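Novice: Below is the file protein-v8.tsv, which contains TSV, C-alpha atoms.
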```tsv
chain	number	residue	atom	x	y	z
F	1	MET	CA	106.84	-242.11	37.17
F	2	SER	CA	108.28	-240.12	40.05
F	3	SER	CA	110.97	-238.52	37.89
F	4	LEU	CA	108.36	-237.72	35.26
F	5	LEU	CA	106.22	-235.88	37.83
F	6	GLN	CA	109.30	-234.25	39.33
F	7	ASN	CA	109.92	-232.25	36.17
F	8	SER	CA	106.29	-231.73	35.19
F	9	GLU	CA	105.26	-228.17	34.36
F	10	PHE	CA	101.61	-228.92	35.05
F	11	PHE	CA	101.29	-231.60	37.71
F	12	GLY	CA	101.65	-229.32	40.75
F	13	ALA	CA	99.27	-226.70	39.38
F	14	ALA	CA	96.67	-229.34	38.49
F	15	LEU	CA	97.05	-231.05	41.87
F	16	THR	CA	96.49	-227.67	43.59
F	17	ILE	CA	93.22	-226.98	41.81
F	18	ILE	CA	91.92	-230.57	42.15
F	19	ALA	CA	92.75	-230.62	45.87
F	20	PHE	CA	90.87	-227.34	46.39
F	21	GLU	CA	87.86	-228.71	44.51
F	22	ALA	CA	87.94	-231.74	46.82
F	23	GLY	CA	88.02	-229.33	49.78
F	24	LEU	CA	85.02	-227.43	48.41
F	25	ALA	CA	83.11	-230.70	47.94
F	26	LEU	CA	83.79	-231.67	51.56
F	27	ARG	CA	82.65	-228.23	52.73
F	28	ARG	CA	79.35	-228.68	50.82
F	29	ARG	CA	78.94	-232.12	52.32
F	30	PHE	CA	79.50	-231.06	55.95
F	31	ASN	CA	78.70	-227.32	55.89
F	32	ASN	CA	80.79	-226.64	58.99
F	33	PRO	CA	83.31	-223.76	59.27
F	34	LEU	CA	85.86	-226.14	60.78
F	35	VAL	CA	85.87	-228.04	57.47
F	36	ASN	CA	87.97	-225.42	55.68
F	37	PRO	CA	88.56	-226.07	51.94
F	38	PHE	CA	91.91	-224.28	51.99
F	39	LEU	CA	93.27	-226.30	54.92
F	40	ILE	CA	91.94	-229.55	53.44
F	41	SER	CA	93.58	-228.86	50.08
F	42	VAL	CA	96.95	-228.15	51.76
F	43	ILE	CA	96.71	-231.45	53.69
F	44	ILE	CA	95.74	-233.38	50.54
F	45	ILE	CA	98.64	-231.88	48.57
F	46	ILE	CA	101.25	-232.55	51.26
F	47	GLY	CA	99.89	-236.11	51.61
F	48	ALA	CA	99.97	-236.68	47.85
F	49	LEU	CA	103.54	-235.37	47.55
F	50	TYR	CA	104.62	-237.59	50.42
F	51	ILE	CA	103.05	-240.71	48.87
F	52	LEU	CA	104.52	-239.93	45.44
F	53	GLY	CA	107.94	-239.24	46.97
F	54	LEU	CA	108.10	-235.69	45.64
F	55	ASP	CA	109.68	-232.76	47.49
F	56	TYR	CA	108.39	-229.20	47.76
F	57	GLU	CA	110.78	-227.90	45.09
F	58	SER	CA	109.40	-230.16	42.36
F	59	TYR	CA	105.82	-229.26	43.34
F	60	SER	CA	106.69	-225.58	43.43
F	61	LEU	CA	108.29	-225.73	39.98
F	62	SER	CA	104.79	-226.14	38.59
F	63	ALA	CA	102.65	-224.52	41.30
F	64	GLN	CA	104.56	-221.23	41.07
F	65	HIS	CA	102.55	-220.54	37.92
F	66	ILE	CA	99.55	-220.27	40.22
F	67	SER	CA	101.29	-218.17	42.90
F	68	PHE	CA	102.36	-215.79	40.15
F	69	LEU	CA	98.90	-214.20	40.24
F	70	VAL	CA	98.90	-213.34	43.97
F	71	THR	CA	100.24	-209.79	43.53
F	72	PRO	CA	97.85	-208.90	40.66
F	73	ALA	CA	94.98	-210.30	42.75
F	74	THR	CA	96.09	-208.11	45.69
F	75	VAL	CA	95.99	-205.10	43.36
F	76	CYS	CA	92.43	-206.10	42.46
F	77	LEU	CA	91.29	-205.83	46.09
F	78	ALA	CA	91.01	-202.13	45.21
F	79	ILE	CA	87.92	-202.89	43.09
F	80	PRO	CA	85.57	-204.11	45.86
F	81	LEU	CA	86.79	-201.21	48.03
F	82	TYR	CA	86.18	-198.69	45.23
F	83	ARG	CA	82.60	-199.95	44.84
F	84	GLN	CA	82.04	-199.32	48.57
F	85	LEU	CA	83.83	-195.95	48.83
F	86	ARG	CA	80.61	-194.06	49.50
F	87	VAL	CA	79.68	-196.42	52.36
F	88	LEU	CA	83.23	-196.06	53.69
F	89	ARG	CA	83.00	-192.25	53.70
F	90	GLU	CA	79.62	-192.32	55.47
F	91	ASN	CA	81.00	-194.56	58.24
F	92	LEU	CA	84.57	-193.27	58.31
F	93	ALA	CA	84.72	-192.54	62.07
F	94	ALA	CA	83.45	-196.01	63.03
F	95	VAL	CA	85.70	-197.74	60.50
F	96	LEU	CA	88.87	-195.94	61.64
F	97	ALA	CA	88.12	-196.20	65.36
F	98	GLY	CA	87.16	-199.87	65.16
F	99	ILE	CA	89.93	-201.05	62.91
F	100	CYS	CA	92.71	-199.03	64.61
F	101	ALA	CA	91.63	-200.54	67.94
F	102	GLY	CA	91.65	-204.00	66.39
F	103	VAL	CA	95.07	-203.61	64.76
F	104	LEU	CA	96.65	-202.34	68.00
F	105	ILE	CA	95.07	-205.03	70.19
F	106	ASN	CA	96.18	-207.73	67.76
F	107	ALA	CA	99.78	-206.49	67.84
F	108	ALA	CA	99.72	-206.17	71.64
F	109	VAL	CA	98.43	-209.73	72.14
F	110	ILE	CA	100.95	-211.20	69.70
F	111	PHE	CA	103.75	-209.26	71.42
F	112	ALA	CA	102.63	-210.54	74.83
F	113	ALA	CA	102.30	-214.13	73.61
F	114	ALA	CA	105.68	-214.02	71.88
F	115	THR	CA	107.32	-212.62	75.04
F	116	ILE	CA	105.77	-215.26	77.29
F	117	ALA	CA	106.59	-218.11	74.89
F	118	ARG	CA	110.06	-216.66	74.17
F	119	LEU	CA	109.59	-216.71	70.41
F	120	GLY	CA	112.38	-215.40	68.20
F	121	HIS	CA	112.11	-212.45	65.82
F	122	VAL	CA	111.26	-214.62	62.80
F	123	GLU	CA	108.30	-216.31	64.49
F	124	TYR	CA	107.16	-213.00	66.01
F	125	VAL	CA	107.00	-211.09	62.70
F	126	SER	CA	105.40	-214.14	61.08
F	127	LEU	CA	102.52	-213.93	63.57
F	128	LEU	CA	102.08	-210.12	63.65
F	129	PRO	CA	100.10	-209.74	60.39
F	130	LYS	CA	97.79	-212.63	61.19
F	131	SER	CA	94.48	-210.73	61.36
F	132	ILE	CA	94.49	-209.49	57.77
F	133	THR	CA	93.62	-210.89	54.39
F	134	THR	CA	96.08	-213.63	53.44
F	135	PRO	CA	97.73	-212.10	50.32
F	136	ILE	CA	98.67	-208.92	52.20
F	137	GLY	CA	99.61	-210.73	55.42
F	138	MET	CA	101.85	-213.18	53.63
F	139	ALA	CA	103.63	-210.47	51.60
F	140	LEU	CA	104.06	-208.34	54.71
F	141	SER	CA	105.53	-211.26	56.64
F	142	ALA	CA	108.04	-211.79	53.82
F	143	GLU	CA	109.01	-208.08	53.84
F	144	TYR	CA	110.00	-208.37	57.50
F	145	GLY	CA	111.85	-211.66	57.14
F	146	GLY	CA	109.05	-213.87	58.48
F	147	ILE	CA	108.02	-217.31	57.25
F	148	GLU	CA	105.12	-216.95	54.79
F	149	ALA	CA	103.75	-220.44	55.40
F	150	MET	CA	103.62	-219.85	59.17
F	151	THR	CA	101.78	-216.56	58.63
F	152	ILE	CA	99.23	-218.25	56.38
F	153	LEU	CA	98.62	-220.94	58.99
F	154	ALA	CA	98.08	-218.31	61.72
F	155	ILE	CA	95.77	-216.33	59.41
F	156	LEU	CA	93.80	-219.51	58.81
F	157	VAL	CA	93.44	-220.37	62.52
F	158	THR	CA	92.42	-216.75	63.16
F	159	GLY	CA	89.83	-216.76	60.38
F	160	ILE	CA	88.26	-220.05	61.38
F	161	SER	CA	88.09	-219.16	65.10
F	162	GLY	CA	86.61	-215.72	64.34
F	163	ASN	CA	84.05	-217.30	62.04
F	164	VAL	CA	83.04	-219.79	64.73
F	165	MET	CA	82.94	-217.55	67.83
F	166	GLY	CA	82.32	-214.10	66.30
F	167	GLU	CA	78.56	-213.82	66.36
F	168	TRP	CA	78.25	-215.37	69.81
F	169	LEU	CA	81.01	-213.23	71.34
F	170	LEU	CA	79.66	-209.99	69.85
F	171	ARG	CA	76.26	-210.74	71.36
F	172	LEU	CA	77.86	-211.64	74.71
F	173	VAL	CA	79.68	-208.28	75.04
F	174	ARG	CA	76.64	-206.47	73.60
F	175	VAL	CA	78.01	-204.78	70.49
F	176	ARG	CA	74.86	-202.91	69.46
F	177	HIS	CA	75.36	-201.56	65.94
F	178	ALA	CA	75.29	-203.75	62.84
F	179	VAL	CA	78.11	-201.60	61.41
F	180	SER	CA	80.32	-202.40	64.42
F	181	ARG	CA	79.57	-206.11	64.21
F	182	GLY	CA	80.57	-206.20	60.53
F	183	LEU	CA	83.79	-204.30	61.23
F	184	ALA	CA	84.65	-206.57	64.16
F	185	MET	CA	84.16	-209.72	62.10
F	186	CYS	CA	86.56	-208.42	59.48
F	187	ALA	CA	89.19	-206.75	61.69
F	188	SER	CA	89.53	-210.02	63.59
F	189	ALA	CA	88.92	-212.72	61.02
F	190	HIS	CA	89.44	-211.03	57.58
F	191	ALA	CA	87.72	-212.71	54.59
F	192	ILE	CA	86.62	-215.80	56.52
F	193	GLY	CA	84.96	-213.49	59.06
F	194	THR	CA	83.41	-211.49	56.22
F	195	ALA	CA	81.83	-214.64	54.82
F	196	ARG	CA	80.15	-215.15	58.20
F	197	ALA	CA	79.22	-211.44	58.46
F	198	MET	CA	77.36	-211.70	55.15
F	199	GLU	CA	75.15	-214.37	56.71
F	200	MET	CA	74.57	-212.14	59.77
F	201	GLY	CA	73.01	-209.34	57.71
F	202	GLU	CA	73.35	-206.97	54.77
F	203	ILE	CA	74.96	-204.08	56.69
F	204	GLU	CA	77.31	-206.45	58.52
F	205	GLY	CA	78.38	-207.98	55.21
F	206	ALA	CA	78.94	-204.67	53.42
F	207	MET	CA	80.95	-203.12	56.27
F	208	SER	CA	83.00	-206.25	56.68
F	209	GLY	CA	83.71	-206.38	52.94
F	210	LEU	CA	85.12	-202.87	52.74
F	211	ALA	CA	87.07	-203.39	55.95
F	212	ILE	CA	89.20	-206.17	54.40
F	213	ALA	CA	91.42	-203.74	52.49
F	214	VAL	CA	91.35	-201.06	55.22
F	215	THR	CA	92.53	-203.52	57.90
F	216	GLY	CA	95.30	-204.68	55.56
F	217	LEU	CA	96.47	-201.12	54.88
F	218	LEU	CA	96.41	-200.04	58.53
F	219	THR	CA	98.39	-203.15	59.47
F	220	VAL	CA	100.99	-202.32	56.81
F	221	ALA	CA	101.25	-198.88	58.42
F	222	ALA	CA	101.39	-200.18	62.03
F	223	MET	CA	103.83	-203.02	61.36
F	224	PRO	CA	107.07	-200.94	61.69
F	225	LEU	CA	105.95	-199.72	65.15
F	226	PHE	CA	105.89	-203.29	66.46
F	227	SER	CA	108.22	-205.37	64.32
F	228	HIS	CA	111.47	-204.39	66.07
F	229	LEU	CA	110.17	-205.01	69.62
F	230	ILE	CA	111.39	-208.62	69.55
U	1	MET	CA	89.97	-209.81	23.83
U	2	LYS	CA	88.18	-207.78	26.48
U	3	PHE	CA	89.48	-210.09	29.19
U	4	MET	CA	93.04	-209.92	27.85
U	5	ARG	CA	93.04	-206.12	27.91
U	6	GLN	CA	91.70	-206.07	31.47
U	7	LEU	CA	94.39	-208.49	32.59
U	8	GLY	CA	96.94	-206.31	30.77
U	9	ILE	CA	95.94	-203.24	32.79
U	10	ILE	CA	96.09	-205.21	36.05
U	11	LEU	CA	99.52	-206.66	35.24
U	12	LEU	CA	100.82	-203.23	34.20
U	13	ILE	CA	99.72	-201.74	37.53
U	14	SER	CA	101.30	-204.74	39.33
U	15	ALA	CA	104.55	-204.03	37.49
U	16	CYS	CA	104.39	-200.38	38.60
U	17	GLY	CA	103.89	-201.62	42.18
U	18	GLU	CA	106.91	-203.85	41.80
U	19	LEU	CA	108.95	-200.90	40.53
U	20	LEU	CA	107.89	-198.65	43.42
U	21	ARG	CA	108.80	-201.38	45.90
U	22	ALA	CA	112.27	-201.61	44.35
U	23	VAL	CA	112.80	-197.83	44.43
U	24	ILE	CA	111.24	-196.87	47.77
U	25	PRO	CA	113.20	-198.20	50.78
U	26	LEU	CA	110.15	-199.07	52.90
U	27	PRO	CA	108.96	-202.53	54.00
U	28	ILE	CA	105.81	-202.34	51.88
U	29	PRO	CA	104.86	-205.21	49.52
U	30	ALA	CA	104.48	-204.57	45.78
U	31	GLY	CA	100.81	-205.51	45.92
U	32	ILE	CA	100.07	-202.63	48.32
U	33	TYR	CA	101.63	-200.07	45.99
U	34	GLY	CA	99.67	-201.63	43.13
U	35	PHE	CA	96.51	-201.50	45.22
U	36	ALA	CA	97.03	-197.78	45.87
U	37	ILE	CA	97.74	-197.08	42.19
U	38	MET	CA	94.61	-198.99	41.14
U	39	LEU	CA	92.44	-197.09	43.62
U	40	LEU	CA	93.94	-193.78	42.51
U	41	CYS	CA	93.37	-194.61	38.83
U	42	LEU	CA	89.74	-195.53	39.53
U	43	CYS	CA	89.08	-192.39	41.62
U	44	THR	CA	90.63	-190.06	39.05
U	45	GLY	CA	88.91	-191.82	36.17
U	46	VAL	CA	92.17	-192.78	34.44
U	47	VAL	CA	90.89	-196.35	34.59
U	48	LYS	CA	87.14	-196.98	34.42
U	49	LEU	CA	85.61	-199.69	36.57
U	50	ARG	CA	84.25	-201.55	33.52
U	51	GLN	CA	87.77	-201.64	32.03
U	52	VAL	CA	89.06	-203.88	34.82
U	53	GLU	CA	86.20	-205.36	36.82
U	54	ALA	CA	85.61	-208.62	34.92
U	55	ALA	CA	89.22	-209.78	35.29
U	56	ALA	CA	89.53	-208.26	38.77
U	57	ASP	CA	86.46	-210.05	40.11
U	58	MET	CA	87.79	-213.30	38.70
U	59	LEU	CA	91.19	-212.86	40.37
U	60	VAL	CA	89.66	-211.94	43.74
U	61	ASP	CA	87.32	-214.93	43.38
U	62	ILE	CA	90.15	-217.44	42.87
U	63	MET	CA	92.40	-215.79	45.47
U	64	GLN	CA	92.31	-218.77	47.87
U	65	VAL	CA	93.62	-221.16	45.23
U	66	LEU	CA	96.48	-218.77	44.39
U	67	LEU	CA	97.64	-218.90	48.02
U	68	ILE	CA	97.70	-222.69	48.41
U	69	PRO	CA	101.25	-223.26	47.06
U	70	SER	CA	102.77	-220.83	49.60
U	71	CYS	CA	101.05	-222.71	52.42
U	72	VAL	CA	102.20	-226.11	51.13
U	73	ALA	CA	105.72	-224.77	51.84
U	74	LEU	CA	104.89	-225.67	55.46
U	75	MET	CA	106.19	-229.15	54.66
U	76	THR	CA	109.71	-227.78	54.39
U	77	TYR	CA	109.51	-225.79	57.64
U	78	TRP	CA	107.56	-228.37	59.60
U	79	ARG	CA	110.41	-229.53	61.83
U	80	GLU	CA	111.32	-226.00	63.03
U	81	LEU	CA	107.72	-224.87	63.30
U	82	SER	CA	106.01	-227.76	65.05
U	83	GLY	CA	107.43	-226.55	68.38
U	84	SER	CA	105.77	-223.13	68.16
U	85	LEU	CA	102.49	-224.57	66.87
U	86	PRO	CA	100.68	-224.47	70.26
U	87	VAL	CA	101.69	-220.80	70.69
U	88	LEU	CA	100.53	-220.05	67.14
U	89	ILE	CA	97.11	-221.59	67.72
U	90	GLY	CA	96.66	-220.27	71.27
U	91	ALA	CA	97.75	-216.70	70.48
U	92	SER	CA	95.66	-216.66	67.31
U	93	ILE	CA	92.46	-217.68	69.08
U	94	ILE	CA	92.95	-215.35	72.08
U	95	SER	CA	93.85	-212.33	69.95
U	96	THR	CA	90.91	-213.01	67.63
U	97	ALA	CA	88.52	-212.86	70.59
U	98	LEU	CA	90.08	-209.65	71.97
U	99	VAL	CA	90.15	-207.97	68.55
U	100	LEU	CA	86.46	-208.82	68.04
U	101	ILE	CA	85.60	-207.11	71.33
U	102	ALA	CA	87.95	-204.12	70.85
U	103	THR	CA	86.82	-203.37	67.29
U	104	GLY	CA	83.13	-203.86	68.08
U	105	LYS	CA	83.24	-201.64	71.16
U	106	ALA	CA	85.42	-198.91	69.61
U	107	ALA	CA	83.17	-198.72	66.53
U	108	ASP	CA	80.07	-198.64	68.77
U	109	ALA	CA	81.57	-195.74	70.74
U	110	ALA	CA	82.43	-193.83	67.55
U	111	ILE	CA	78.90	-194.26	66.20
U	112	ASP	CA	77.30	-193.16	69.49
U	113	MET	CA	79.55	-190.09	69.64
U	114	LYS	CA	78.60	-189.13	66.10
U	115	GLU	CA	74.88	-189.61	66.80
U	116	ARG	CA	75.05	-187.52	69.96
U	117	ARG	CA	76.82	-184.71	68.14
U	118	GLY	CA	74.22	-184.93	65.36
U	119	LYS	CA	71.35	-184.26	67.77
```
If you took the structure in this file and wrote it as structure tokens, what would it be?

Specialist:
Amino acid sequence: MSSLLQNSEFFGAALTIIAFEAGLALRRRFNNPLVNPFLISVIIIIGALYILGLDYESYSLSAQHISFLVTPATVCLAIPLYRQLRVLRENLAAVLAGICAGVLINAAVIFAAATIARLGHVEYVSLLPKSITTPIGMALSAEYGGIEAMTILAILVTGISGNVMGEWLLRLVRVRHAVSRGLAMCASAHAIGTARAMEMGEIEGAMSGLAIAVTGLLTVAAMPLFSHLI
Amino acid sequence: MKFMRQLGIILLISACGELLRAVIPLPIPAGIYGFAIMLLCLCTGVVKLRQVEAAADMLVDIMQVLLIPSCVALMTYWRELSGSLPVLIGASIISTALVLIATGKAADAAIDMKERRGK
């Protein structure tokens, strides 16, 4: 059985989709941002592989057919941005000011944390792109020699914490404009923050949606300024 | 066939992104080049929105599932990574809070400045 699954072209891909469906079902059942379908599916898959005695390579042999679409999907992020181009132009000053501030603060905090904790270069560059949408963050981490899986985990923790504390924190520090609140949700917590921003209001949701790609692009541009510091 | 053609355009642009990444000696992922090409094609009208949007919306919709296998790779790095896990979680939460405040305040300031100039 184990050797049959080890060489299967389809088992890993099927397991991935079924595990995610299970995660979605749990999210519907509990409706809590801490119950994250992505994280649950990763735990289910690792557990299943462990029980079946399979290693990552045999899973990946099949699951790579799913990963294959990550780059085309990244290309497609241009479509939601294109639909919002007019809104972007109308709010250009706020978008650039807000997101540049966010990107710089993120890099500064990661640099400080990495210095204090004495992290090496690999861990440092893995954490740097942690505030952006996962496909871009993961690819960027790989470009700089980071560990993709570590970047994804940091992106996930970031997204969930931003989703949970975002609205409360923005009210606490009195961010007044809906546009700013939407941008803040996205610059900090990418797509998971955007999902929350959509519940906060229409303007928040729209601004946050277009900011996903902009935050990713600005981080790609800022990365070389910070990557060699450690 | 409509769907096939849309996917064809998206894959072709992805391939161009891949090519640019290979030729240009900058640490920029292929997907970012592809993203820029797609946006340029849409803005110039070389590609119409309706020629790609059905397949594109589907790919963006299933994005999370596409990323799962790369995260499952954690199981191979677990031993080296478990030590830096507290830093990862702590730094992520703290920076998320500070980025929320910085972005919100900076955007607020930009909007106020624009409104004042408008008056």

Novice: With 6 Å as the limit and counting all atoms listed in the file, what residues in chain F lie close to chain U? Please list them as a CSV table (one decimal) with C-alpha atoms, in the coordinates of the input.

Specialist:
```
chain,number,residue,atom,x,y,z
F,42,VAL,CA,97.0,-228.2,51.8
F,66,ILE,CA,99.6,-220.3,40.2
F,67,SER,CA,101.3,-218.2,42.9
F,70,VAL,CA,98.9,-213.3,44.0
F,71,THR,CA,100.2,-209.8,43.5
F,72,PRO,CA,97.8,-208.9,40.7
F,73,ALA,CA,95.0,-210.3,42.8
F,74,THR,CA,96.1,-208.1,45.7
F,75,VAL,CA,96.0,-205.1,43.4
F,76,CYS,CA,92.4,-206.1,42.5
F,78,ALA,CA,91.0,-202.1,45.2
F,94,ALA,CA,83.4,-196.0,63.0
F,97,ALA,CA,88.1,-196.2,65.4
F,98,GLY,CA,87.2,-199.9,65.2
F,99,ILE,CA,89.9,-201.0,62.9
F,101,ALA,CA,91.6,-200.5,67.9
F,102,GLY,CA,91.6,-204.0,66.4
F,105,ILE,CA,95.1,-205.0,70.2
F,106,ASN,CA,96.2,-207.7,67.8
F,109,VAL,CA,98.4,-209.7,72.1
F,139,ALA,CA,103.6,-210.5,51.6
F,143,GLU,CA,109.0,-208.1,53.8
F,149,ALA,CA,103.8,-220.4,55.4
F,158,THR,CA,92.4,-216.8,63.2
F,175,VAL,CA,78.0,-204.8,70.5
F,180,SER,CA,80.3,-202.4,64.4
F,181,ARG,CA,79.6,-206.1,64.2
F,184,ALA,CA,84.6,-206.6,64.2
F,188,SER,CA,89.5,-210.0,63.6
```

Novice: Find the distance between atom CA of Ser41 of chain F and atom CA of Phe20 of chain F and write it in Å to one decimal.

Specialist: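 Atom CA of Ser41 of chain F sits 4.8 Å away from atom CA of Phe20 of chain F.
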
Novice: Just give me the gap between atom CA of Ala187 of chain F and atom CA of Val220 of chain F in Å, one decimal is fine.

Specialist: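 Between these atoms lies a distance of 13.5 Å.
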
Novice: Between atom CA of Glu80 of chain U and atom CA of Ser8 of chain F, what is the spacing in Å?

Specialist: 28.9 Å

Novice: Quick one: residues within 9 Å of segment 195-200 of chain F, all atoms listed in the file counted, chain neighbours fewer than 5 positions away excluded, as a list in words?

Specialist: Gly162, Asn163, Val164, Gly166, Glu167, Ala178, Arg181, Gly182, Leu183, Met185, Cys186, His190, Gly205, Ala206, Met207, Ser208 and Gly209 of chain F

Novice: Supply segment 8-27 of chain U as a PDB file, keeping the file's coordinate frame, with N, CA and C atoms built in where the input has gaps.

Specialist:
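Result file is result35.pdb:
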```pdb
ATOM      1  N   GLY U   8      95.777-207.136  31.120  1.00  0.00           N
ATOM      2  CA  GLY U   8      96.940-206.310  30.770  1.00  0.00           C
ATOM      3  C   GLY U   8      97.050-205.101  31.683  1.00  0.00           C
ATOM      4  N   ILE U   9      95.932-204.425  31.917  1.00  0.00           N
ATOM      5  CA  ILE U   9      95.940-203.240  32.790  1.00  0.00           C
ATOM      6  C   ILE U   9      96.369-203.638  34.205  1.00  0.00           C
ATOM      7  N   ILE U  10      95.790-204.757  34.690  1.00  0.00           N
ATOM      8  CA  ILE U  10      96.090-205.210  36.050  1.00  0.00           C
ATOM      9  C   ILE U  10      97.568-205.584  36.190  1.00  0.00           C
ATOM     10  N   LEU U  11      98.106-206.265  35.178  1.00  0.00           N
ATOM     11  CA  LEU U  11      99.520-206.660  35.240  1.00  0.00           C
ATOM     12  C   LEU U  11     100.432-205.440  35.140  1.00  0.00           C
ATOM     13  N   LEU U  12     100.017-204.459  34.329  1.00  0.00           N
ATOM     14  CA  LEU U  12     100.820-203.230  34.200  1.00  0.00           C
ATOM     15  C   LEU U  12     100.892-202.505  35.546  1.00  0.00           C
ATOM     16  N   ILE U  13      99.738-202.402  36.218  1.00  0.00           N
ATOM     17  CA  ILE U  13      99.720-201.740  37.530  1.00  0.00           C
ATOM     18  C   ILE U  13     100.541-202.554  38.544  1.00  0.00           C
ATOM     19  N   SER U  14     100.481-203.899  38.449  1.00  0.00           N
ATOM     20  CA  SER U  14     101.300-204.740  39.330  1.00  0.00           C
ATOM     21  C   SER U  14     102.775-204.476  39.098  1.00  0.00           C
ATOM     22  N   ALA U  15     103.149-204.307  37.828  1.00  0.00           N
ATOM     23  CA  ALA U  15     104.550-204.030  37.490  1.00  0.00           C
ATOM     24  C   ALA U  15     104.980-202.681  38.064  1.00  0.00           C
ATOM     25  N   CYS U  16     104.079-201.683  38.005  1.00  0.00           N
ATOM     26  CA  CYS U  16     104.390-200.380  38.600  1.00  0.00           C
ATOM     27  C   CYS U  16     104.595-200.525  40.109  1.00  0.00           C
ATOM     28  N   GLY U  17     103.749-201.361  40.748  1.00  0.00           N
ATOM     29  CA  GLY U  17     103.890-201.620  42.180  1.00  0.00           C
ATOM     30  C   GLY U  17     105.236-202.240  42.490  1.00  0.00           C
ATOM     31  N   GLU U  18     105.630-203.168  41.644  1.00  0.00           N
ATOM     32  CA  GLU U  18     106.910-203.850  41.800  1.00  0.00           C
ATOM     33  C   GLU U  18     108.063-202.835  41.708  1.00  0.00           C
ATOM     34  N   LEU U  19     107.931-201.928  40.743  1.00  0.00           N
ATOM     35  CA  LEU U  19     108.950-200.900  40.530  1.00  0.00           C
ATOM     36  C   LEU U  19     109.064-199.986  41.743  1.00  0.00           C
ATOM     37  N   LEU U  20     107.891-199.533  42.244  1.00  0.00           N
ATOM     38  CA  LEU U  20     107.890-198.650  43.420  1.00  0.00           C
ATOM     39  C   LEU U  20     108.539-199.338  44.609  1.00  0.00           C
ATOM     40  N   ARG U  21     108.229-200.640  44.775  1.00  0.00           N
ATOM     41  CA  ARG U  21     108.800-201.380  45.900  1.00  0.00           C
ATOM     42  C   ARG U  21     110.324-201.419  45.803  1.00  0.00           C
ATOM     43  N   ALA U  22     110.817-201.549  44.555  1.00  0.00           N
ATOM     44  CA  ALA U  22     112.270-201.610  44.350  1.00  0.00           C
ATOM     45  C   ALA U  22     112.926-200.261  44.629  1.00  0.00           C
ATOM     46  N   VAL U  23     112.214-199.169  44.324  1.00  0.00           N
ATOM     47  CA  VAL U  23     112.800-197.830  44.430  1.00  0.00           C
ATOM     48  C   VAL U  23     112.679-197.252  45.840  1.00  0.00           C
ATOM     49  N   ILE U  24     111.500-197.465  46.463  1.00  0.00           N
ATOM     50  CA  ILE U  24     111.240-196.870  47.770  1.00  0.00           C
ATOM     51  C   ILE U  24     111.739-197.801  48.883  1.00  0.00           C
ATOM     52  N   PRO U  25     112.618-197.316  49.752  1.00  0.00           N
ATOM     53  CA  PRO U  25     113.200-198.200  50.780  1.00  0.00           C
ATOM     54  C   PRO U  25     112.296-198.361  52.003  1.00  0.00           C
ATOM     55  N   LEU U  26     111.066-198.824  51.795  1.00  0.00           N
ATOM     56  CA  LEU U  26     110.150-199.070  52.900  1.00  0.00           C
ATOM     57  C   LEU U  26     109.693-200.525  52.840  1.00  0.00           C
ATOM     58  N   PRO U  27     109.414-201.132  54.016  1.00  0.00           N
ATOM     59  CA  PRO U  27     108.960-202.530  54.000  1.00  0.00           C
ATOM     60  C   PRO U  27     107.492-202.643  53.602  1.00  0.00           C
TER      61      PRO U  27
END
```
